[in-house]
Amino acid sequence: MQRDIRGLEVGTESEEAVRNLDLGVADYLDYGQTAGARVKAALEADSNFALAQCYRGYLLMMLENRAVFPKIQATLDQLAAARDSMTRREQLHADALQAWVNGDLISACLAWEAILAEWPRDLMALKLHHTMAFYTGRSHVLRSVVEGVLGEWDETTPGYSNVQGMYAYALEECGDYENAERWGREATERNPGDLWAIHSVAHVLEMQGRYAEGSKWLDYPAEHWADKNFFKAHVWWHNGLFALAQEKYDDALRILDEEMASVNSDKYVDVSNQAALLKRLEIAGVNVGDRWDALAAHSETRINDHILPFRDAHFCLSLAARGKFDVAREQIDSLFTFARSGEGWTADTTEKILIPLCEAMIAYEAGEYGKACDILWPLRNEMAPIGGSLAQRDLFTQILIDSAVRAKRLGMARSLLSERVARFPGARRNWSDYASVLADLGETDRAAQARSRASELETGASHARTKEAIQ
Ligand SMILES: [Fe+2]
């Protein structure tokens, strides 16, 4: 029996297999591009290495494409036949993978939690749990589970910075921005290659409205992340948001065209990040040209996937934004069938949140703004199970605000914008939209106050622009 780099027993006699698996995990945690090759090398050294087989299944699942499911299920069937010869930790990994394939993300998380209770230094279990707790929108679970293992880690444990980065993100999603930033910056100093840690700090800066600081934090030349996998597109998305909030629309479009769209490949098309930035730009009044075409064309091939509600929502948005309403309706029909026949978290969330959300986005894109308001208003504070981060789900709030303004639901718009300026006081456009709504409601004094706040921020933005031009 060999031990991995963190001292955990693994079910193989091959030192080469373990070494490759360790390297694969490290690369996966840093969002590199060699994790698949390392896991393959581990399996070449020992084809019966159950843990490596599970990891290969996990990496395939991360492609978020139902087309790979039969291959994963074949592996799971092999693992089930060999279950008695597997270690308890390997069995739990196989259970997690099977639950994930079944769309039961909660059971998958529970299997990883069972692993972490016994083996708190199982970094892969921790990372996958972290990712799926994030995809199920359960911030408190993110925090609880990372804190539950923290006592067993310190700076001498390989991969500690990755744990720090995860903790930073968990704290950020729970609103503890100060500690999140501290942990995230420390993780980044310890391991500048950890994109998740860099990204955790970007979230703090976004949520605190520190947009210029955010642009600086992510001011990397594109080639700096040449060896990173498709997650880098999401980090660039954050940089696009910082540009958007500072009303540097050309910069946001350049980031989208040059950095985000470039991660598209045969296996993976980045729909969620690109759609989420395009829609925000359109809400801000920017003409995005024909950029929806490719996203809608790809989304059309994924209308029966139903792997992650968060992804499905962005497929629907892309279809509707491109005017492909018939295909979007076909997707909703497919979602209904899936929700009725499925079990577990994914089916449940699809029925309760995703389908109404898709209906709202279709209504919004069709110009039926009142209908979009009727659907989104009661959903707006119940959206967490759709998954993603606070920053990502904010798109749906922005669609609701735009719908309320366009439908002349002024009381609703006032309420939403009042909340928005309280939360994000540093964004000029929020104040300007708030001022317009207050003026429409005849609240002249409050409108003037909001307009003056917008002007102050405009001046600040101009100063920042001038300063940058001089430098
Ligand atoms: Fe993010």
# chains A, B, ... in the order shown; residues from 1 in each chain; ligands from 1
call {"tool": "closest_atom_pairs", "arguments": {"of": "chain A", "to": "ligand 1", "cutoff": "9 Å", "atoms": "only C-alpha atoms and all ligand atoms", "output": "Markdown table"}}
result
| residue | atom | partner | partner_atom_place_in_ligand_line | distance |
| --- | --- | --- | --- | --- |
| A:Tyr169 | CA | ligand 1 | 1 (Fe) | 9.0 |
| A:Trp196 | CA | ligand 1 | 1 (Fe) | 8.7 |
| A:His199 | CA | ligand 1 | 1 (Fe) | 6.2 |
| A:Ser200 | CA | ligand 1 | 1 (Fe) | 7.2 |
| A:Ala202 | CA | ligand 1 | 1 (Fe) | 7.7 |
| A:His203 | CA | ligand 1 | 1 (Fe) | 6.2 |
| A:His234 | CA | ligand 1 | 1 (Fe) | 6.4 |
| A:Val235 | CA | ligand 1 | 1 (Fe) | 6.7 |
| A:Trp237 | CA | ligand 1 | 1 (Fe) | 7.9 |
| A:His238 | CA | ligand 1 | 1 (Fe) | 6.6 |
| A:Gly388 | CA | ligand 1 | 1 (Fe) | 7.8 |
| A:Ser389 | CA | ligand 1 | 1 (Fe) | 6.2 |
| A:Leu390 | CA | ligand 1 | 1 (Fe) | 8.5 |
| A:Ala391 | CA | ligand 1 | 1 (Fe) | 6.8 |
| A:Gln392 | CA | ligand 1 | 1 (Fe) | 6.9 |
call {"tool": "write_last_selection", "arguments": {"atoms": "N, CA and C atoms", "output": "tab-separated table (two decimals), in the first residue's frame"}}
result
chain	number	residue	atom	x	y	z
A	169	TYR	N	-12.91	32.00	-0.64
A	169	TYR	CA	-14.14	32.09	-1.45
A	169	TYR	C	-15.38	31.82	-0.58
A	196	TRP	N	-7.96	29.96	-8.34
A	196	TRP	CA	-9.15	30.08	-7.47
A	196	TRP	C	-8.91	31.12	-6.38
A	199	HIS	N	-9.10	34.47	-7.89
A	199	HIS	CA	-10.52	34.71	-8.18
A	199	HIS	C	-11.31	35.06	-6.92
A	200	SER	N	-10.93	34.45	-5.78
A	200	SER	CA	-11.64	34.73	-4.53
A	200	SER	C	-11.47	36.19	-4.14
A	202	ALA	N	-10.84	38.60	-6.24
A	202	ALA	CA	-11.62	39.37	-7.24
A	202	ALA	C	-13.08	39.47	-6.81
A	203	HIS	N	-13.63	38.39	-6.24
A	203	HIS	CA	-15.01	38.42	-5.76
A	203	HIS	C	-15.19	39.46	-4.65
A	234	HIS	N	-13.38	32.45	-16.77
A	234	HIS	CA	-14.22	33.01	-15.70
A	234	HIS	C	-13.48	34.13	-14.96
A	235	VAL	N	-12.17	33.95	-14.78
A	235	VAL	CA	-11.39	35.02	-14.13
A	235	VAL	C	-11.39	36.26	-15.02
A	237	TRP	N	-13.75	36.98	-16.99
A	237	TRP	CA	-15.12	37.50	-16.85
A	237	TRP	C	-15.18	38.52	-15.71
A	238	HIS	N	-14.52	38.18	-14.61
A	238	HIS	CA	-14.49	39.14	-13.49
A	238	HIS	C	-13.81	40.45	-13.93
A	388	GLY	N	-23.98	28.87	-8.68
A	388	GLY	CA	-23.14	30.01	-9.03
A	388	GLY	C	-22.93	30.92	-7.83
A	389	SER	N	-22.21	31.99	-8.08
A	389	SER	CA	-21.86	32.91	-7.00
A	389	SER	C	-22.90	34.02	-6.89
A	390	LEU	N	-22.76	34.81	-5.84
A	390	LEU	CA	-23.61	36.00	-5.69
A	390	LEU	C	-23.46	36.91	-6.91
A	391	ALA	N	-22.20	37.07	-7.34
A	391	ALA	CA	-21.93	37.95	-8.49
A	391	ALA	C	-22.58	37.41	-9.75
A	392	GLN	N	-22.55	36.09	-9.93
A	392	GLN	CA	-23.13	35.51	-11.14
A	392	GLN	C	-24.65	35.62	-11.13
call {"tool": "residues_around", "arguments": {"residues": "stretch 407-416 of chain A", "least_positions_apart": "5", "cutoff": "8 Å", "atoms": "only C-alpha atoms", "output": "ChimeraX atom specification"}}
result
/A:369-370,401,434,437-438,440-441
call {"tool": "closest_residue", "arguments": {"among": "A:Trp431, A:Phe242, A:Trp292, A:Trp119", "to": "A:Ser418", "atoms": "only C-alpha atoms"}}
result
A:Trp431
call {"tool": "atom_distance", "arguments": {"atom1": "atom CA of A:Arg185", "atom2": "atom CA of A:Ser161"}}
result
10.0 Å
call {"tool": "select_by_dssp", "arguments": {"residues": "stretch 308-380 of chain A", "states": "alpha helix (DSSP H)", "output": "PyMOL selection string"}}
result
chain A and resi 309-321+325-341+344-349+355-365+369-379
call {"tool": "write_last_selection", "arguments": {"atoms": "C-alpha atoms", "output": "tab-separated table (two decimals), in the first residue's frame"}}
result
chain	number	residue	atom	x	y	z
A	309	PRO	CA	-29.34	24.37	-13.72
A	310	PHE	CA	-26.92	27.32	-13.78
A	311	ARG	CA	-25.61	26.23	-17.19
A	312	ASP	CA	-29.10	25.51	-18.53
A	313	ALA	CA	-30.21	29.02	-17.55
A	314	HIS	CA	-27.43	30.52	-19.67
A	315	PHE	CA	-28.22	28.27	-22.62
A	316	CYS	CA	-31.80	29.54	-22.46
A	317	LEU	CA	-30.65	33.15	-22.14
A	318	SER	CA	-28.41	32.80	-25.20
A	319	LEU	CA	-31.21	31.28	-27.27
A	320	ALA	CA	-33.73	33.93	-26.24
A	321	ALA	CA	-31.28	36.81	-26.65
A	325	PHE	CA	-37.67	31.50	-29.00
A	326	ASP	CA	-38.89	28.21	-30.53
A	327	VAL	CA	-35.69	26.45	-29.50
A	328	ALA	CA	-35.83	28.04	-26.04
A	329	ARG	CA	-39.39	26.71	-25.67
A	330	GLU	CA	-38.16	23.27	-26.76
A	331	GLN	CA	-35.59	23.50	-24.00
A	332	ILE	CA	-38.32	24.31	-21.47
A	333	ASP	CA	-40.36	21.30	-22.65
A	334	SER	CA	-37.27	19.16	-22.16
A	335	LEU	CA	-36.73	20.68	-18.70
A	336	PHE	CA	-40.32	19.79	-17.74
A	337	THR	CA	-39.82	16.17	-18.80
A	338	PHE	CA	-36.53	16.03	-16.92
A	339	ALA	CA	-38.01	17.56	-13.76
A	340	ARG	CA	-41.00	15.19	-13.79
A	341	SER	CA	-38.96	12.03	-14.38
A	344	GLY	CA	-32.73	14.64	-6.48
A	345	TRP	CA	-31.50	18.16	-6.29
A	346	THR	CA	-31.04	18.89	-10.01
A	347	ALA	CA	-34.60	17.85	-10.94
A	348	ASP	CA	-36.06	19.66	-7.94
A	349	THR	CA	-34.24	22.91	-8.68
A	355	ILE	CA	-38.15	26.66	-15.43
A	356	PRO	CA	-39.72	29.89	-14.11
A	357	LEU	CA	-36.39	31.65	-14.59
A	358	CYS	CA	-36.21	30.49	-18.21
A	359	GLU	CA	-39.82	31.62	-18.76
A	360	ALA	CA	-38.86	35.03	-17.36
A	361	MET	CA	-35.85	35.37	-19.64
A	362	ILE	CA	-37.90	34.44	-22.69
A	363	ALA	CA	-40.54	37.01	-21.68
A	364	TYR	CA	-37.83	39.64	-21.15
A	365	GLU	CA	-36.19	39.04	-24.51
A	369	TYR	CA	-41.46	43.09	-19.40
A	370	GLY	CA	-44.49	42.97	-17.10
A	371	LYS	CA	-44.56	39.18	-17.36
A	372	ALA	CA	-40.82	39.02	-16.65
A	373	CYS	CA	-41.42	41.13	-13.49
A	374	ASP	CA	-44.29	38.92	-12.35
A	375	ILE	CA	-42.10	35.84	-12.52
A	376	LEU	CA	-38.80	37.26	-11.26
A	377	TRP	CA	-40.02	39.43	-8.37
A	378	PRO	CA	-41.08	36.54	-6.09
A	379	LEU	CA	-38.03	34.51	-7.19
call {"tool": "closest_atom_pairs", "arguments": {"of": "stretch 103-183 of chain A", "to": "stretch 52-58 of chain A", "cutoff": "12 Å", "atoms": "only C-alpha atoms", "output": "CSV"}}
result
residue,atom,partner,partner_atom,distance
A:Ala108,CA,A:Tyr58,CA,11.4
A:Leu123,CA,A:Tyr55,CA,11.9
A:Met124,CA,A:Tyr55,CA,8.4
A:Ala125,CA,A:Tyr55,CA,10.0
A:Lys127,CA,A:Tyr58,CA,11.1
A:Leu128,CA,A:Tyr58,CA,8.4
A:His129,CA,A:Tyr58,CA,11.5
A:Thr131,CA,A:Tyr58,CA,11.6
A:Met132,CA,A:Tyr58,CA,11.6
call {"tool": "residues_around", "arguments": {"residues": "stretch 66-82 of chain A", "least_positions_apart": "3", "cutoff": "12 Å", "atoms": "only C-alpha atoms", "output": "count of residues only"}}
result
44
call {"tool": "closest_residue", "arguments": {"among": "A:Leu205, A:Thr188, A:Glu152, A:Arg380", "to": "A:Leu400", "atoms": "only C-alpha atoms"}}
result
A:Arg380
call {"tool": "closest_residue", "arguments": {"among": "A:His130, A:Asp257, A:Asp250, A:Ser272", "to": "A:Asn287", "atoms": "only C-alpha atoms"}}
result
A:Asp250
